[in-house]
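Coordinates from model.txt are shown below (compact mmCIF, C-alpha atoms).
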# COMPACT_ATOMS: atom_id res chain seq x y z
CA MET A 1 0.00 0.00 0.00
CA PRO A 2 1.43 3.41 -0.91
CA PRO A 3 2.12 5.79 1.94
CA ALA A 4 -0.91 7.91 2.68
CA ALA A 5 -0.77 11.59 1.87
CA GLU A 6 -0.43 13.92 4.83
CA ASN A 7 -3.80 15.11 5.93
CA ASP A 8 -5.05 17.65 8.42
CA ARG A 9 -7.83 15.51 9.79
CA THR A 10 -7.79 14.98 13.54
CA ASP A 11 -7.65 11.51 15.05
CA PRO A 12 -11.35 11.51 16.08
CA GLU A 13 -12.30 12.58 12.54
CA LEU A 14 -10.30 9.71 11.07
CA VAL A 15 -11.93 7.25 13.48
CA ARG A 16 -15.40 8.50 12.56
CA LEU A 17 -14.63 8.17 8.85
CA ALA A 18 -13.20 4.69 9.37
CA ARG A 19 -16.33 3.68 11.27
CA ARG A 20 -18.39 4.67 8.24
CA GLY A 21 -16.31 2.30 6.13
CA ASP A 22 -13.53 4.61 4.93
CA ALA A 23 -10.57 2.22 4.90
CA GLN A 24 -8.11 4.94 3.89
CA ALA A 25 -8.92 6.87 7.06
CA PHE A 26 -7.89 3.85 9.11
CA HIS A 27 -4.67 3.46 7.11
CA ASP A 28 -3.93 7.13 7.85
CA LEU A 29 -4.27 6.32 11.56
CA ILE A 30 -1.77 3.48 11.12
CA ASP A 31 0.72 5.81 9.43
CA ARG A 32 0.28 8.40 12.14
CA HIS A 33 0.59 6.14 15.18
CA SER A 34 2.68 3.12 14.20
CA GLY A 35 6.03 4.89 14.84
CA TRP A 36 5.63 5.75 18.52
CA LEU A 37 3.69 2.52 19.19
CA PHE A 38 6.59 0.54 17.78
CA ARG A 39 9.13 2.39 19.94
CA VAL A 40 7.11 1.61 23.08
CA ALA A 41 6.50 -1.99 22.00
CA ILE A 42 10.10 -2.86 21.18
CA ALA A 43 11.31 -1.26 24.42
CA MET A 44 8.83 -3.38 26.33
CA VAL A 45 9.33 -6.73 24.60
CA GLY A 46 12.94 -6.46 23.45
CA SER A 47 12.50 -8.09 20.06
CA ARG A 48 11.85 -6.36 16.76
CA GLU A 49 9.86 -9.33 15.46
CA ASP A 50 7.60 -9.48 18.52
CA ALA A 51 7.15 -5.70 18.47
CA GLU A 52 6.08 -5.75 14.80
CA ASP A 53 3.60 -8.54 15.53
CA LEU A 54 2.27 -6.58 18.48
CA ILE A 55 1.71 -3.42 16.41
CA GLN A 56 -0.16 -5.49 13.84
CA GLU A 57 -2.31 -7.00 16.60
CA VAL A 58 -2.98 -3.54 18.02
CA PHE A 59 -4.29 -2.18 14.72
CA LEU A 60 -6.32 -5.32 13.99
CA ALA A 61 -7.90 -5.08 17.44
CA ALA A 62 -8.52 -1.37 16.92
CA SER A 63 -10.23 -1.97 13.56
CA ARG A 64 -12.47 -4.59 15.19
CA GLY A 65 -13.19 -2.45 18.25
CA MET A 66 -13.78 0.91 16.58
CA ALA A 67 -17.51 0.76 17.26
CA ARG A 68 -16.83 0.48 20.99
CA PHE A 69 -14.42 3.44 21.09
CA GLU A 70 -16.46 6.20 22.74
CA GLU A 71 -13.96 9.05 22.31
CA ARG A 72 -13.82 9.67 26.06
CA SER A 73 -10.06 9.33 25.78
CA SER A 74 -7.72 10.27 22.95
CA VAL A 75 -7.01 7.86 20.11
CA LYS A 76 -3.42 7.71 21.34
CA THR A 77 -4.55 6.64 24.82
CA TRP A 78 -6.91 4.07 23.30
CA LEU A 79 -4.15 2.56 21.11
CA ARG A 80 -1.70 2.60 24.02
CA SER A 81 -4.12 0.67 26.25
CA ILE A 82 -4.64 -1.94 23.50
CA LEU A 83 -0.86 -2.25 23.18
CA LEU A 84 -0.44 -2.66 26.94
CA ASN A 85 -3.04 -5.45 26.97
CA HIS A 86 -1.18 -7.31 24.24
CA VAL A 87 2.18 -6.74 25.92
CA SER A 88 0.76 -8.19 29.18
CA LYS A 89 -0.48 -11.25 27.27
CA LEU A 90 2.95 -11.71 25.74
CA TYR A 91 4.62 -11.40 29.16
CA ARG A 92 2.27 -14.04 30.57
CA SER A 93 2.84 -16.43 27.67
CA ARG A 94 6.62 -15.98 28.00
CA LYS A 95 6.43 -16.79 31.71
CA VAL A 96 4.38 -19.93 31.04
CA ARG A 97 6.72 -21.00 28.25
CA ARG A 98 9.75 -20.42 30.44
CA HIS A 99 8.18 -22.35 33.30
CA TRP A 100 7.42 -25.39 31.13
CA SER A 101 10.71 -25.27 29.31
CA LEU A 102 12.68 -25.39 32.54
CA ASP A 103 10.78 -28.48 33.64
CA ASP A 104 11.36 -30.62 30.61
CA GLU A 105 14.46 -32.34 29.34
CA ARG A 106 15.41 -29.39 27.19
CA GLY A 107 15.81 -27.35 30.36
CA GLU A 108 19.58 -27.21 30.11
CA ALA A 109 19.56 -25.74 26.62
CA VAL A 110 16.88 -23.20 27.53
CA ARG A 111 18.75 -22.16 30.65
CA ALA A 112 21.90 -21.64 28.63
CA GLU A 113 19.97 -19.58 26.08
CA MET A 114 18.44 -17.45 28.84
CA GLU A 115 21.76 -16.85 30.52
CA ALA A 116 23.23 -15.76 27.21
CA SER A 117 20.38 -13.31 26.70
CA ILE A 118 20.93 -11.58 30.07
CA PRO A 119 22.90 -8.43 29.34
CA ASN A 120 26.33 -8.10 30.76
CA PRO A 121 26.68 -4.65 32.30
CA ALA A 122 30.40 -4.67 31.66
CA ALA A 123 29.79 -5.16 27.97
CA ALA A 124 27.46 -2.20 27.72
CA THR A 125 28.79 0.33 25.27
CA GLU A 126 27.50 3.44 23.61
CA SER A 127 25.41 1.67 20.99
CA LYS A 128 21.61 1.97 20.96
CA ALA A 129 21.25 -1.77 21.45
CA ASP A 130 22.61 -1.32 24.95
CA VAL A 131 19.53 0.56 26.05
CA GLN A 132 17.56 -2.47 24.96
CA ALA A 133 19.88 -4.67 27.02
CA MET A 134 19.43 -2.35 30.00
CA LEU A 135 15.64 -2.48 29.73
CA GLN A 136 15.56 -6.25 29.36
CA ALA A 137 17.59 -6.57 32.56
CA LEU A 138 14.57 -5.23 34.47
CA SER A 139 11.51 -7.16 35.61
CA ASP A 140 8.40 -6.76 33.45
CA GLU A 141 6.76 -4.46 36.03
CA HIS A 142 9.76 -2.16 36.32
CA ARG A 143 10.41 -2.09 32.59
CA GLU A 144 6.79 -1.09 31.98
CA VAL A 145 6.98 2.07 34.08
CA ILE A 146 10.43 3.08 32.83
CA VAL A 147 9.33 2.77 29.20
CA LEU A 148 6.05 4.61 29.75
CA ARG A 149 7.88 7.43 31.52
CA GLU A 150 11.13 7.79 29.58
CA ILE A 151 10.13 6.70 26.08
CA ASP A 152 6.41 7.46 25.96
CA GLY A 153 6.64 10.50 28.26
CA LEU A 154 3.59 9.75 30.44
CA SER A 155 2.98 11.51 33.74
CA TYR A 156 2.59 9.57 37.00
CA GLU A 157 -1.15 10.13 36.88
CA GLU A 158 -1.43 8.83 33.30
CA MET A 159 0.63 5.75 34.14
CA ALA A 160 -1.47 5.05 37.24
CA LYS A 161 -4.66 5.22 35.16
CA LEU A 162 -3.29 3.09 32.33
CA LEU A 163 -1.81 0.41 34.60
CA ARG A 164 -4.73 0.61 37.06
CA LEU A 165 -2.34 1.11 39.94
CA PRO A 166 -2.23 3.62 42.79
CA ARG A 167 -0.03 6.59 41.97
CA GLY A 168 2.23 5.70 44.91
CA THR A 169 2.87 2.24 43.44
CA VAL A 170 3.83 3.79 40.12
CA GLU A 171 6.25 6.15 41.87
CA SER A 172 7.88 3.40 43.90
CA ARG A 173 8.22 1.10 40.89
CA LEU A 174 9.80 3.87 38.87
CA HIS A 175 12.20 4.67 41.69
CA ARG A 176 13.21 1.01 42.08
CA ALA A 177 13.59 0.57 38.33
CA ARG A 178 15.93 3.54 38.16
CA GLN A 179 17.94 2.34 41.15
CA GLN A 180 18.39 -1.07 39.54
CA LEU A 181 19.51 0.43 36.24
CA LYS A 182 21.85 2.79 38.04
CA GLU A 183 23.47 -0.06 39.97
CA LYS A 184 23.69 -2.50 37.06
CA PHE A 185 24.98 0.02 34.56
CA ALA A 186 26.90 2.33 36.89
CA GLY A 187 30.09 2.24 34.83
CA TYR A 188 28.28 3.01 31.63
CA LEU A 189 26.28 5.86 33.12
CA GLU A 190 29.28 7.45 34.78
CA GLY A 191 31.10 7.43 31.47
CA THR A 192 28.20 8.83 29.45
CA ASP A 193 28.20 12.56 29.17
CA VAL A 194 24.62 13.43 28.33
CA GLU A 195 23.46 17.00 28.45
CA ASN A 196 19.89 17.17 29.69
CA ASP A 197 18.06 19.91 31.48
CA GLY A 198 15.54 17.48 32.93
CA MET B 1 25.42 6.03 48.31
CA ASN B 2 22.67 8.59 48.70
CA SER B 3 21.91 9.10 52.36
CA CYS B 4 20.14 12.43 52.23
CA GLU B 5 16.57 12.44 53.53
CA GLN B 6 15.46 14.57 50.60
CA ASN B 7 16.43 11.95 48.02
CA GLN B 8 12.82 10.71 47.91
CA ASN B 9 11.99 13.89 45.98
CA ILE B 10 14.63 13.46 43.30
CA ASP B 11 12.55 11.28 40.97
CA ALA B 12 9.50 13.53 41.23
CA TYR B 13 11.69 16.61 40.66
CA LEU B 14 13.32 15.02 37.63
CA ASP B 15 9.92 14.06 36.20
CA GLY B 16 8.40 17.49 36.82
CA GLU B 17 5.87 16.02 39.25
CA LEU B 18 6.53 18.29 42.25
CA SER B 19 4.16 21.13 43.03
CA PRO B 20 5.60 24.62 42.34
CA SER B 21 6.23 25.26 46.02
CA ALA B 22 7.82 21.84 46.61
CA ARG B 23 9.94 22.35 43.52
CA THR B 24 11.26 25.68 44.75
CA GLN B 25 11.98 24.19 48.15
CA PHE B 26 13.84 21.24 46.62
CA GLU B 27 15.88 23.51 44.36
CA GLN B 28 17.00 25.43 47.44
CA HIS B 29 18.03 22.12 49.00
CA LEU B 30 19.88 21.06 45.85
CA ALA B 31 22.02 24.18 46.00
CA LEU B 32 23.27 23.07 49.40
CA CYS B 33 23.32 19.23 49.11
CA ALA B 34 26.09 17.71 47.02
CA ILE B 35 24.69 14.18 47.53
CA CYS B 36 21.31 15.02 46.00
CA ALA B 37 22.89 17.11 43.24
CA ARG B 38 25.13 14.16 42.26
CA GLU B 39 22.24 11.72 42.38
CA LEU B 40 20.12 14.01 40.24
CA ALA B 41 22.91 14.26 37.66
CA ARG B 42 23.15 10.44 37.49
CA LEU B 43 19.40 10.04 37.08
CA ARG B 44 19.36 12.70 34.35
CA ARG B 45 22.00 10.76 32.44
CA LEU B 46 20.04 7.57 32.86
CA SER B 47 16.83 9.23 31.77
CA ALA B 48 18.45 10.79 28.71
CA THR B 49 20.09 7.49 27.77
CA VAL B 50 16.82 5.55 27.86
CA ALA B 51 14.93 8.36 26.07
CA SER B 52 17.55 8.33 23.30
CA TYR B 53 16.44 4.85 22.32
CA ARG B 54 14.40 5.52 19.19
CA PRO B 55 14.27 2.48 16.90
CA THR B 56 12.11 2.89 13.82
CA LEU B 57 9.57 0.58 12.25
CA SER B 58 10.88 -0.65 8.91
CA ALA B 59 8.98 0.17 5.71
CA ASP B 60 8.46 -3.57 5.08
CA ALA B 61 6.92 -4.07 8.51
CA LEU B 62 4.63 -1.07 8.02
CA GLU B 63 3.58 -2.47 4.64
CA ARG B 64 2.77 -5.84 6.25
CA ILE B 65 0.61 -4.12 8.88
CA HIS B 66 -1.29 -2.20 6.18
CA GLU B 67 -1.83 -5.42 4.23
CA ALA B 68 -3.05 -7.36 7.26
CA VAL B 69 -5.50 -4.63 8.19
CA ALA B 70 -6.72 -4.29 4.58
CA GLN B 71 -7.33 -8.03 4.44
CA THR B 72 -9.29 -7.99 7.69
CA TRP B 73 -11.20 -4.93 6.50
CA ASP B 74 -12.19 -6.73 3.27
CA MET B 75 -13.19 -9.82 5.23
CA GLY B 76 -15.34 -7.62 7.44
CA ILE B 77 -17.13 -6.19 4.40
CA ILE B 78 -17.68 -9.70 2.98
CA ARG B 79 -19.07 -10.85 6.34
CA LEU B 80 -21.36 -7.81 6.46
CA ALA B 81 -22.56 -8.46 2.90
CA ARG B 82 -23.26 -12.09 3.81
CA ARG B 83 -25.25 -11.03 6.85
CA ILE B 84 -27.28 -8.54 4.81
CA SER B 85 -27.96 -11.24 2.19
CA ALA B 86 -29.04 -13.68 4.89
CA VAL B 87 -31.40 -11.11 6.44
CA ALA B 88 -32.84 -10.25 3.00
CA ALA B 89 -33.42 -13.94 2.22
CA ALA B 90 -35.14 -14.41 5.58
CA VAL B 91 -37.43 -11.43 4.90
CA VAL B 92 -38.36 -12.77 1.45
CA LEU B 93 -39.05 -16.24 2.88
CA ALA B 94 -41.17 -14.84 5.70
CA GLY B 95 -43.10 -12.69 3.20
CA SER B 96 -43.76 -15.69 0.96
CA LEU B 97 -45.00 -17.78 3.88
CA TYR B 98 -47.25 -14.93 5.03
CA LEU B 99 -48.78 -14.53 1.58
CA THR B 100 -49.17 -18.27 1.11
CA PHE B 101 -50.87 -19.12 4.39
CA PHE B 102 -52.21 -16.05 6.12
CA GLN B 103 -53.56 -14.23 3.08
CA THR B 104 -55.22 -17.46 1.72
CA GLY B 105 -57.02 -17.94 5.04
CA GLN B 106 -58.21 -14.34 4.95
CA ALA B 107 -59.59 -14.80 1.41
CA THR B 108 -61.67 -17.75 2.56
CA ALA B 109 -62.85 -15.90 5.62
CA SER B 110 -63.86 -12.88 3.59
CA VAL B 111 -66.44 -14.80 1.49
CA PRO B 112 -69.85 -13.35 2.47
CA VAL B 113 -72.10 -15.63 4.52
CA TRP B 114 -74.94 -15.41 2.04
CA GLU B 115 -72.64 -16.72 -0.64
CA GLN B 116 -71.55 -19.63 1.53
CA THR B 117 -75.16 -20.33 2.36
CA ALA B 118 -76.19 -20.23 -1.25
CA VAL B 119 -73.65 -22.80 -2.30
CA THR B 120 -74.23 -25.07 0.71
CA ASP B 121 -76.89 -27.74 0.82
CA VAL B 122 -79.41 -26.74 3.51
CA GLN B 123 -79.28 -30.17 5.13
CA GLN B 124 -75.50 -29.91 5.53
CA GLN B 125 -75.68 -26.56 7.27
CA PRO B 126 -74.84 -26.60 10.97
CA ASP B 127 -77.79 -26.11 13.33
CA ALA B 128 -76.20 -23.04 14.86
CA VAL B 129 -76.25 -21.29 11.52
CA VAL B 130 -79.75 -22.37 10.60
CA ALA B 131 -81.41 -21.72 13.92
CA GLY B 132 -79.21 -18.95 15.26
CA SER B 133 -79.80 -15.26 15.19
CA SER B 134 -76.72 -14.57 13.12
CA SER B 135 -77.07 -12.97 9.74
CA GLY B 136 -76.46 -16.42 8.17
CA GLY B 137 -79.38 -17.90 10.10
CA GLU B 138 -81.66 -15.03 9.13
CA GLN B 139 -80.91 -15.47 5.50
CA VAL B 140 -81.59 -19.20 5.67
CA GLN B 141 -84.89 -18.48 7.40
CA LEU B 142 -85.71 -15.91 4.73
CA ALA B 143 -85.02 -18.49 2.06
CA GLU B 144 -87.32 -20.97 3.85
CA TRP B 145 -90.09 -18.39 4.04
CA ILE B 146 -89.79 -17.69 0.33
CA VAL B 147 -89.96 -21.41 -0.42
CA SER B 148 -92.92 -21.73 1.96
CA ASP B 149 -94.73 -18.77 0.33
CA LEU B 150 -94.10 -20.13 -3.10
CA SER B 151 -95.48 -23.53 -2.01
CA THR B 152 -98.57 -21.86 -0.54
CA ALA B 153 -99.11 -19.80 -3.67
CA LYS B 154 -98.74 -22.94 -5.78
CA GLN B 155 -101.28 -24.82 -3.66
CA SER B 156 -103.80 -21.93 -3.77
CA GLY B 157 -103.33 -21.68 -7.53
CA GLU B 158 -104.08 -25.35 -7.91
CA SER B 159 -107.25 -24.94 -5.72
CA ASN B 160 -108.43 -22.04 -7.78
CA ALA B 161 -107.91 -23.97 -10.92
CA ARG B 162 -110.11 -26.74 -9.59
This structure in structure tokens:
Amino acid sequence: MPPAAENDRTDPELVRLARRGDAQAFHDLIDRHSGWLFRVAIAMVGSREDAEDLIQEVFLAASRGMARFEERSSVKTWLRSILLNHVSKLYRSRKVRRHWSLDDERGEAVRAEMEASIPNPAAATESKADVQAMLQALSDEHREVIVLREIDGLSYEEMAKLLRLPRGTVESRLHRARQQLKEKFAGYLEGTDVENDG
Amino acid sequence: MNSCEQNQNIDAYLDGELSPSARTQFEQHLALCAICARELARLRRLSATVASYRPTLSADALERIHEAVAQTWDMGIIRLARRISAVAAAVVLAGSLYLTFFQTGQATASVPVWEQTAVTDVQQQPDAVVAGSSSGGEQVQLAEWIVSDLSTAKQSGESNAR
């Protein structure tokens, strides 16, 4: 499909058009939102392939659920919540798979594979892939809040609403996540000279 | 190691989540506390490092997403068309059944009683119709009177002739 022409229509307008059967309006939504959704997805799941599958699932679910979207939140919030649901499902399936794999006779091979996939802080260098390694070193819960804050730019209140958690829980998870990253990647962070006004 | 009591505010300060007054207060503390200032600098580096992670979706992947959605969209239209066809067929069938049974019954019921009476043998007529006070019964009685009058007239004619 050729890239859609830039248009000035707002997200709610595109959703309304898509609901009336305008397929192009929905493709415009894909072009508009797939970039940031992908960044959040890949940071959460750590694999380009899984992230691409997730984005596809998000848009398929959105196309099926358009009739139920009541426009009480923004389209971005709606798509983000669909993504988070799919990410949670993927986390659960990974946990189940890991649990079963460790029990069977292939356990040794799986353990070796898992150990190899755990990032080595000492090996962290300046490349972008290292951020991915840093994020994957966190637990799912801690990674979620770090990604939503640092990559998606959500406020504490927005995260609390999205994750259905008390604001205090979001704050403490974010604090712990940062402390873990700081400890694991201390050498890397000390050596990185990043100018940021915060 | 950060041992300052104020370190609990560093994350909120970094994220812009402190109220204006708390922010001013914390900034005054930062000017005096080297521990918090160093911790804040580390967290800023960390934050900037994570935020710099900006992988992009490849054109091929975007194309695949468009194709998958288009396919589902088309399938949705086909499903909708099938449903509409099914509903239309059901309406036509129901209409046919209505016309076949209900309308035929109504046609029979709408035949006037006098017509039914006229084509029915008197002996086969139900007693209720013959003896009742319904319009059917009255018409049968009227017919009997006419027959009776005609018989009387015929008998009197024969008497006169004699």
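The gap separating CA of Arg23 (chain B) from CA of Ile10 (chain B) is 10.1 Å, in Å to one decimal.
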* Asked: Counting all atoms listed in the file, which residues of chain B come no farther than 12 Å from chain A, as number ranges by chain?
  -> B: 1-2, 7-18, 38-77, 80
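Atom pair CA of Leu150 (chain B) / CA of Glu138 (chain B) has a distance of 18.2 Å (rounded to one decimal).
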* Two-atom distance - CA of Arg79 (chain B), CA of Val75 (chain A) (Å) -> 26.2 Å
